[in-house]
Each structure stands twice: as structure tokens, then as C-alpha cells.
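What's in upload07.pdb: PDB, C-alpha atoms, pLDDT in the B column
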```
MODEL        1
ATOM      1  CA  MET Z   2     101.211  86.307 146.168  1.00 82.00           C
ATOM      2  CA  SER Z   3     103.804  88.897 147.109  1.00 85.00           C
ATOM      3  CA  SER Z   4     102.263  91.470 144.767  1.00 87.00           C
ATOM      4  CA  ASN Z   5      98.918  91.148 146.569  1.00 92.00           C
ATOM      5  CA  VAL Z   6     100.597  91.502 149.961  1.00 94.00           C
ATOM      6  CA  ARG Z   7     102.429  94.609 148.696  1.00 93.00           C
ATOM      7  CA  ASP Z   8      99.143  96.155 147.568  1.00 93.00           C
ATOM      8  CA  LEU Z   9      97.506  95.485 150.939  1.00 95.00           C
ATOM      9  CA  VAL Z  10     100.445  97.009 152.811  1.00 95.00           C
ATOM     10  CA  ALA Z  11     100.685  99.998 150.457  1.00 94.00           C
ATOM     11  CA  THR Z  12      96.999 100.806 151.012  1.00 93.00           C
ATOM     12  CA  GLY Z  13      97.358 100.472 154.793  1.00 90.00           C
ATOM     13  CA  GLN Z  14      95.137  97.371 155.082  1.00 93.00           C
ATOM     14  CA  PHE Z  15      98.086  95.356 156.450  1.00 94.00           C
ATOM     15  CA  ASP Z  16     100.613  96.697 158.963  1.00 93.00           C
ATOM     16  CA  LEU Z  17     103.417  94.566 157.521  1.00 93.00           C
ATOM     17  CA  GLY Z  18     104.157  91.971 154.906  1.00 94.00           C
ATOM     18  CA  ILE Z  19     106.843  89.414 154.197  1.00 93.00           C
ATOM     19  CA  VAL Z  20     107.386  89.261 150.439  1.00 92.00           C
ATOM     20  CA  ALA Z  21     109.750  88.003 147.761  1.00 86.00           C
ATOM     21  CA  ASP Z  22     112.390  90.457 146.617  1.00 85.00           C
ATOM     22  CA  GLU Z  23     111.103  90.882 143.056  1.00 83.00           C
ATOM     23  CA  ILE Z  24     108.065  92.939 144.084  1.00 83.00           C
ATOM     24  CA  ASP Z  25     107.397  96.497 142.991  1.00 85.00           C
ATOM     25  CA  ARG Z  26     108.687  98.567 145.914  1.00 90.00           C
ATOM     26  CA  THR Z  27     106.601 101.616 145.112  1.00 90.00           C
ATOM     27  CA  GLY Z  28     104.432 102.824 147.981  1.00 91.00           C
ATOM     28  CA  VAL Z  29     105.986 100.733 150.767  1.00 95.00           C
ATOM     29  CA  GLU Z  30     108.912 100.956 153.157  1.00 92.00           C
ATOM     30  CA  VAL Z  31     111.302  98.056 152.505  1.00 94.00           C
ATOM     31  CA  LYS Z  32     113.840  96.292 154.725  1.00 93.00           C
ATOM     32  CA  GLU Z  33     115.670  93.065 154.012  1.00 92.00           C
ATOM     33  CA  PHE Z  34     114.176  90.392 156.240  1.00 93.00           C
ATOM     34  CA  ALA Z  35     115.934  87.067 155.630  1.00 91.00           C
ATOM     35  CA  GLN Z  36     117.968  85.015 153.185  1.00 93.00           C
ATOM     36  CA  PHE Z  37     117.649  81.287 152.674  1.00 93.00           C
ATOM     37  CA  ARG Z  38     120.206  79.300 150.744  1.00 96.00           C
ATOM     38  CA  VAL Z  39     118.811  77.520 147.692  1.00 96.00           C
ATOM     39  CA  ALA Z  40     118.538  73.750 147.892  1.00 97.00           C
ATOM     40  CA  VAL Z  41     117.946  71.224 145.128  1.00 97.00           C
ATOM     41  CA  ALA Z  42     114.759  69.221 145.664  1.00 97.00           C
ATOM     42  CA  LEU Z  43     114.967  65.652 144.373  1.00 97.00           C
ATOM     43  CA  PRO Z  44     112.358  62.911 144.306  1.00 97.00           C
ATOM     44  CA  LYS Z  45     113.203  60.021 146.618  1.00 95.00           C
ATOM     45  CA  GLY Z  46     115.434  57.546 144.796  1.00 95.00           C
ATOM     46  CA  HIS Z  47     116.713  60.004 142.169  1.00 96.00           C
ATOM     47  CA  PRO Z  48     120.302  59.235 141.029  1.00 96.00           C
ATOM     48  CA  LEU Z  49     121.492  62.707 142.146  1.00 97.00           C
ATOM     49  CA  GLU Z  50     120.679  61.730 145.752  1.00 96.00           C
ATOM     50  CA  ALA Z  51     124.075  60.026 145.783  1.00 97.00           C
ATOM     51  CA  LEU Z  52     125.792  63.423 145.575  1.00 97.00           C
ATOM     52  CA  GLU Z  53     126.587  65.440 148.687  1.00 97.00           C
ATOM     53  CA  ILE Z  54     126.516  68.730 146.744  1.00 97.00           C
ATOM     54  CA  ILE Z  55     124.837  69.421 143.420  1.00 96.00           C
ATOM     55  CA  ARG Z  56     126.479  71.708 140.883  1.00 95.00           C
ATOM     56  CA  PRO Z  57     125.108  73.180 137.639  1.00 94.00           C
ATOM     57  CA  ALA Z  58     126.682  70.487 135.441  1.00 93.00           C
ATOM     58  CA  ASP Z  59     124.816  67.821 137.446  1.00 94.00           C
ATOM     59  CA  LEU Z  60     121.508  69.358 136.352  1.00 93.00           C
ATOM     60  CA  ALA Z  61     122.195  69.265 132.606  1.00 91.00           C
ATOM     61  CA  GLY Z  62     119.290  67.710 130.750  1.00 89.00           C
ATOM     62  CA  GLN Z  63     117.325  66.927 133.912  1.00 93.00           C
ATOM     63  CA  ALA Z  64     113.528  67.367 133.949  1.00 95.00           C
ATOM     64  CA  PHE Z  65     113.218  70.623 135.870  1.00 96.00           C
ATOM     65  CA  VAL Z  66     110.335  72.216 137.752  1.00 97.00           C
ATOM     66  CA  ALA Z  67     111.251  75.895 137.561  1.00 96.00           C
ATOM     67  CA  LEU Z  68     110.302  79.013 139.394  1.00 94.00           C
ATOM     68  CA  ALA Z  69     108.423  81.660 137.407  1.00 92.00           C
ATOM     69  CA  PRO Z  70     110.549  83.667 134.946  1.00 92.00           C
ATOM     70  CA  GLU Z  71     110.214  86.887 136.980  1.00 88.00           C
ATOM     71  CA  ASP Z  72     111.642  85.238 140.103  1.00 91.00           C
ATOM     72  CA  THR Z  73     114.973  86.782 141.097  1.00 91.00           C
ATOM     73  CA  THR Z  74     116.421  83.464 142.238  1.00 93.00           C
ATOM     74  CA  ARG Z  75     115.457  81.794 138.952  1.00 93.00           C
ATOM     75  CA  ARG Z  76     117.208  84.543 136.984  1.00 93.00           C
ATOM     76  CA  GLU Z  77     120.339  84.147 139.119  1.00 93.00           C
ATOM     77  CA  ALA Z  78     120.223  80.369 138.626  1.00 93.00           C
ATOM     78  CA  GLU Z  79     119.952  80.776 134.848  1.00 91.00           C
ATOM     79  CA  ILE Z  80     123.012  83.045 134.862  1.00 91.00           C
ATOM     80  CA  THR Z  81     124.850  80.453 136.958  1.00 92.00           C
ATOM     81  CA  PHE Z  82     123.843  77.671 134.540  1.00 89.00           C
ATOM     82  CA  ALA Z  83     125.008  79.714 131.545  1.00 87.00           C
ATOM     83  CA  GLU Z  84     128.341  80.501 133.204  1.00 86.00           C
ATOM     84  CA  ALA Z  85     128.858  76.783 133.861  1.00 78.00           C
ATOM     85  CA  ALA Z  86     129.719  76.014 130.243  1.00 67.00           C
ATOM     86  CA  GLY Z  87     126.212  76.617 128.976  1.00 78.00           C
ATOM     87  CA  VAL Z  88     124.367  74.078 131.118  1.00 84.00           C
ATOM     88  CA  SER Z  89     120.685  73.928 130.265  1.00 82.00           C
ATOM     89  CA  VAL Z  90     117.939  72.168 132.125  1.00 85.00           C
ATOM     90  CA  ARG Z  91     114.788  70.775 130.539  1.00 91.00           C
ATOM     91  CA  THR Z  92     111.999  72.846 132.096  1.00 95.00           C
ATOM     92  CA  VAL Z  93     108.803  70.784 132.224  1.00 96.00           C
ATOM     93  CA  ILE Z  94     106.672  73.258 134.197  1.00 96.00           C
ATOM     94  CA  GLU Z  95     106.946  76.674 135.869  1.00 96.00           C
ATOM     95  CA  THR Z  96     105.373  77.925 139.086  1.00 94.00           C
ATOM     96  CA  PRO Z  97     105.837  80.980 141.297  1.00 89.00           C
ATOM     97  CA  TYR Z  98     105.834  78.873 144.479  1.00 89.00           C
ATOM     98  CA  SER Z  99     108.538  76.725 146.076  1.00 90.00           C
ATOM     99  CA  THR Z 100     105.818  74.706 147.777  1.00 92.00           C
ATOM    100  CA  THR Z 101     104.361  73.748 144.383  1.00 95.00           C
ATOM    101  CA  ILE Z 102     107.828  72.750 143.193  1.00 97.00           C
ATOM    102  CA  CYS Z 103     108.161  70.535 146.285  1.00 96.00           C
ATOM    103  CA  ALA Z 104     104.817  68.828 145.639  1.00 96.00           C
ATOM    104  CA  MET Z 105     105.698  68.212 141.982  1.00 96.00           C
ATOM    105  CA  VAL Z 106     109.158  66.909 142.844  1.00 97.00           C
ATOM    106  CA  ALA Z 107     107.697  64.577 145.477  1.00 96.00           C
ATOM    107  CA  ALA Z 108     105.299  63.323 142.778  1.00 96.00           C
ATOM    108  CA  GLY Z 109     108.301  62.520 140.541  1.00 95.00           C
ATOM    109  CA  ILE Z 110     107.690  65.187 137.882  1.00 96.00           C
ATOM    110  CA  GLY Z 111     111.247  66.530 138.011  1.00 96.00           C
ATOM    111  CA  ILE Z 112     113.753  68.285 140.235  1.00 97.00           C
ATOM    112  CA  GLY Z 113     113.888  71.942 141.246  1.00 97.00           C
ATOM    113  CA  LEU Z 114     115.546  74.709 143.187  1.00 97.00           C
ATOM    114  CA  VAL Z 115     113.619  75.514 146.359  1.00 96.00           C
ATOM    115  CA  ASN Z 116     113.618  77.484 149.552  1.00 93.00           C
ATOM    116  CA  PRO Z 117     114.602  74.896 152.218  1.00 93.00           C
ATOM    117  CA  LEU Z 118     112.240  76.471 154.743  1.00 89.00           C
ATOM    118  CA  THR Z 119     109.330  75.826 152.392  1.00 90.00           C
ATOM    119  CA  ALA Z 120     110.574  72.307 151.623  1.00 93.00           C
ATOM    120  CA  GLU Z 121     110.870  71.203 155.240  1.00 92.00           C
ATOM    121  CA  PRO Z 122     107.382  69.576 155.462  1.00 92.00           C
ATOM    122  CA  TYR Z 123     108.093  67.527 152.314  1.00 92.00           C
ATOM    123  CA  GLN Z 124     111.360  66.000 153.524  1.00 90.00           C
ATOM    124  CA  GLY Z 125     110.877  62.323 154.224  1.00 89.00           C
ATOM    125  CA  HIS Z 126     107.645  62.391 152.211  1.00 93.00           C
ATOM    126  CA  GLY Z 127     109.012  61.700 148.748  1.00 92.00           C
ATOM    127  CA  LEU Z 128     111.501  64.570 148.663  1.00 95.00           C
ATOM    128  CA  THR Z 129     115.205  64.877 149.455  1.00 96.00           C
ATOM    129  CA  LEU Z 130     117.205  68.116 149.598  1.00 97.00           C
ATOM    130  CA  ARG Z 131     120.809  68.651 148.599  1.00 97.00           C
ATOM    131  CA  PRO Z 132     122.884  71.850 148.781  1.00 97.00           C
ATOM    132  CA  PHE Z 133     123.523  73.677 145.525  1.00 97.00           C
ATOM    133  CA  GLU Z 134     126.929  75.128 144.627  1.00 95.00           C
ATOM    134  CA  PRO Z 135     127.640  77.883 143.915  1.00 95.00           C
ATOM    135  CA  ALA Z 136     125.443  79.257 146.670  1.00 95.00           C
ATOM    136  CA  LEU Z 137     122.316  81.099 145.581  1.00 95.00           C
ATOM    137  CA  HIS Z 138     119.776  82.614 147.956  1.00 95.00           C
ATOM    138  CA  PHE Z 139     116.099  83.349 148.255  1.00 92.00           C
ATOM    139  CA  ARG Z 140     115.708  86.823 149.716  1.00 91.00           C
ATOM    140  CA  THR Z 141     112.640  88.011 151.559  1.00 91.00           C
ATOM    141  CA  LEU Z 142     111.704  91.559 152.389  1.00 94.00           C
ATOM    142  CA  LEU Z 143     109.729  93.041 155.235  1.00 94.00           C
ATOM    143  CA  ILE Z 144     107.467  95.798 154.013  1.00 94.00           C
ATOM    144  CA  THR Z 145     105.399  98.341 155.940  1.00 93.00           C
ATOM    145  CA  PRO Z 146     103.105 101.191 154.917  1.00 94.00           C
ATOM    146  CA  PRO Z 147     104.935 104.418 154.081  1.00 89.00           C
ATOM    147  CA  ASN Z 148     105.279 107.179 156.665  1.00 85.00           C
ATOM    148  CA  ARG Z 149     103.824 105.105 159.500  1.00 83.00           C
ATOM    149  CA  LEU Z 150     105.778 104.409 162.662  1.00 82.00           C
ATOM    150  CA  PRO Z 151     105.285 100.827 163.836  1.00 79.00           C
ATOM    151  CA  SER Z 152     103.608 100.274 167.190  1.00 88.00           C
ATOM    152  CA  THR Z 153     105.506  98.672 170.046  1.00 92.00           C
ATOM    153  CA  ILE Z 154     103.455  95.508 169.517  1.00 92.00           C
ATOM    154  CA  LEU Z 155     104.433  95.401 165.837  1.00 90.00           C
ATOM    155  CA  GLU Z 156     108.117  96.004 166.656  1.00 91.00           C
ATOM    156  CA  ASP Z 157     107.995  93.175 169.226  1.00 93.00           C
ATOM    157  CA  PHE Z 158     106.312  90.885 166.692  1.00 92.00           C
ATOM    158  CA  ILE Z 159     108.952  91.642 164.034  1.00 90.00           C
ATOM    159  CA  ARG Z 160     111.754  90.966 166.517  1.00 91.00           C
ATOM    160  CA  GLU Z 161     110.192  87.626 167.540  1.00 93.00           C
ATOM    161  CA  LEU Z 162     109.661  86.702 163.893  1.00 89.00           C
ATOM    162  CA  ARG Z 163     113.335  87.377 163.127  1.00 89.00           C
ATOM    163  CA  ASN Z 164     114.379  85.308 166.154  1.00 90.00           C
ATOM    164  CA  ALA Z 165     112.159  82.415 165.050  1.00 88.00           C
ATOM    165  CA  ILE Z 166     113.883  82.236 161.694  1.00 81.00           C
TER     166      ILE Z 166
ENDMDL
END
```
So that I can check it, write out the structure of this file as C-alpha cells.
Amino acid sequence: MSSNVRDLVATGQFDLGIVADEIDRTGVEVKEFAQFRVAVALPKGHPLEALEIIRPADLAGQAFVALAPEDTTRREAEITFAEAAGVSVRTVIETPYSTTICAMVAAGIGIGLVNPLTAEPYQGHGLTLRPFEPALHFRTLLITPPNRLPSTILEDFIRELRNAI
């Protein structure tokens, strides 16, 4: 979990960490690392597969596999749902992980908002992705121990990691 990674970086046991943006930033140096646009994960054959883009109103009343309440993206989605004429989804289960949402969606438990990078292995295996409008994003942070200059090797690794994404 991101909180565990933060603790390991803050205590100097890890030289860097990639974490979700809702972590406690105390005791670490923080830089924005990447943003990934939210996608809607649907089980294969779901009626919403027929749509090119999914909007809040399309999700009204749907069985929903939700991110954990403390997740920044979930909170932004809830605001978006409320602004869209009070749309409410029917949350059937909550999890802190997009990968768990993908597995549950592929098993037909519901639909959910996911990080498309995490969902990639599930596509074609019981899961379909559709873009969500208005655009929401998952944000990841790169954290390092405080007051420590990164080595050349670490700087090279971070640059390659950014290029890979």
C-alpha cells in the first residue's frame, strides 16, 4: 500500500517510491510522477459496452465496485456524480486497488472506475474499458527520503521509468 511505501521511504529503507496522491506527505520529498485518465471497467457483454463514452448519468443505479473512501479519485468522482443532477451509483463493494476492481468487474460483480494502466492485463479477459467524461485522473507521486540527493543511477532509473510510461 502507498502508506507502507511512504513509511519505508521516510525511514530511508527505500531510495524512492511511486505512490497514490492521497498519502501523508510528512517526512518525504514529493514530486508529481504521472497522471492516468480514469476509465470505466465493464464486464464483457454489459449493456454500457455499446457506448463510446460513459458519462455520470449512464452509471445511475449500476452495481458499482468502488475505490476506498479515502481515494482522491473516488472523492472527485463522487463530486462529479453529485454535480450531474445527483447521480448515485449502487456501491456493492469497496477496495483500495484498481486491480481488485478489475478482477471483480471481470467476474461480473459490477462496474468501476479504474486506472487503465492497471486494467491493461484484464482487457480481453472478461473486461472492457470505456473513457469516462468528464475526464478524471489518477495521480501518482514519486517520493524520496528527505535531504538526500539521488545518485546518478537513481536519476537515470527515474528518467527511464518516466520514459516507459
Atom CA of Z:Gly125 sits from atom CA of Z:Leu52 at a separation of 17.3 Å
Spatial neighbours of Z:Ile112, 7 Å, only C-alpha atoms, chain gap at least 6 places, as an NGL selection string
:Z and (42-44 or 64-66 or 106)
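Taking atom CA of Z:Phe133 and atom CA of Z:Arg38 as the two end points, the separation is 8.4 Å.
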Could you write out as a ChimeraX atom specification the residues that the PyMOL selection byres ((chain Z and resi 73) around 9) matches in the shown file?
/Z:21-23,70-72,74-78,139-140
Quick one: which residues end up in the PyMOL selection byres ((chain Z and resi 11-18) around 6) for this structure, as a VMD selection string?
chain Z and resid 7 to 10 19 28 to 29 143 to 146
Enter the distance from atom CA of Z:Glu84 to atom CA of Z:Gly111, in Å, rounded to one decimal.
22.6 Å
Would you kindly translate the PyMOL selection byres ((chain Z and resi 100) around 12) into the concrete residues it picks from this file, as number ranges by chain?
Z: 42, 66-68, 96-99, 101-107, 113-124, 128
Convert the current residue selection to file output with C-alpha atoms, as an mmCIF file, in the coordinates of the input.
```
data_model
loop_
_atom_site.group_PDB
_atom_site.id
_atom_site.type_symbol
_atom_site.label_atom_id
_atom_site.label_comp_id
_atom_site.auth_asym_id
_atom_site.auth_seq_id
_atom_site.Cartn_x
_atom_site.Cartn_y
_atom_site.Cartn_z
ATOM 1 C CA ALA Z 42 114.759 69.221 145.664
ATOM 2 C CA VAL Z 66 110.335 72.216 137.752
ATOM 3 C CA ALA Z 67 111.251 75.895 137.561
ATOM 4 C CA LEU Z 68 110.302 79.013 139.394
ATOM 5 C CA THR Z 96 105.373 77.925 139.086
ATOM 6 C CA PRO Z 97 105.837 80.980 141.297
ATOM 7 C CA TYR Z 98 105.834 78.873 144.479
ATOM 8 C CA SER Z 99 108.538 76.725 146.076
ATOM 9 C CA THR Z 101 104.361 73.748 144.383
ATOM 10 C CA ILE Z 102 107.828 72.750 143.193
ATOM 11 C CA CYS Z 103 108.161 70.535 146.285
ATOM 12 C CA ALA Z 104 104.817 68.828 145.639
ATOM 13 C CA MET Z 105 105.698 68.212 141.982
ATOM 14 C CA VAL Z 106 109.158 66.909 142.844
ATOM 15 C CA ALA Z 107 107.697 64.577 145.477
ATOM 16 C CA GLY Z 113 113.888 71.942 141.246
ATOM 17 C CA LEU Z 114 115.546 74.709 143.187
ATOM 18 C CA VAL Z 115 113.619 75.514 146.359
ATOM 19 C CA ASN Z 116 113.618 77.484 149.552
ATOM 20 C CA PRO Z 117 114.602 74.896 152.218
ATOM 21 C CA LEU Z 118 112.240 76.471 154.743
ATOM 22 C CA THR Z 119 109.330 75.826 152.392
ATOM 23 C CA ALA Z 120 110.574 72.307 151.623
ATOM 24 C CA GLU Z 121 110.870 71.203 155.240
ATOM 25 C CA PRO Z 122 107.382 69.576 155.462
ATOM 26 C CA TYR Z 123 108.093 67.527 152.314
ATOM 27 C CA GLN Z 124 111.360 66.000 153.524
ATOM 28 C CA LEU Z 128 111.501 64.570 148.663
#
```
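Distances to Z:Ile54 were evaluated for Z:Glu161, Z:Glu156, Z:Glu134, Z:Asp25 using all atoms listed in the file, and the minimum falls at Z:Glu134.
For the residues Z:Ala58, Z:Glu30, Z:Pro48, Z:Ser3, ranking by smallest atom-to-atom distance to Z:Thr129 using only C-alpha atoms places Z:Pro48 first.
Shortest separation to Z:Arg131 among Z:Arg160, Z:Arg91, Z:Lys32, Z:Lys45 occurs at residue Z:Lys45, atoms counted being all atoms listed in the file.
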Select, from Z:Asn148, Z:Gln36, Z:Thr81, Z:Thr27, the residue with the minimum atom-to-atom distance to Z:Arg163, counting only C-alpha atoms.
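Closest to Z:Arg163 of all the choices is Z:Gln36.
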Which residue, Z:Arg56, Z:Gly46, Z:Ser152, Z:Ile166, has the smallest gap to Z:Gly109 when you use only C-alpha atoms?
Z:Gly46
Using the file's own x, y and z axes, so that the box edges lie along x, y and z, what centre and edge lengths in Å (one decimal) does a box around every listed atom of stretch 5-22 of chain Z get when 8 Å is added on each side? Give it as lines of an AutoDock Vina configuration file.
```
center_x = 103.8
center_y = 94.4
center_z = 152.8
size_x = 33.3
size_y = 28.8
size_z = 28.4
```
Residue nearest Z:Glu53 among Z:Val31, Z:Val90, Z:Ile24, Z:Leu130 (counting all atoms listed in the file)
Z:Leu130
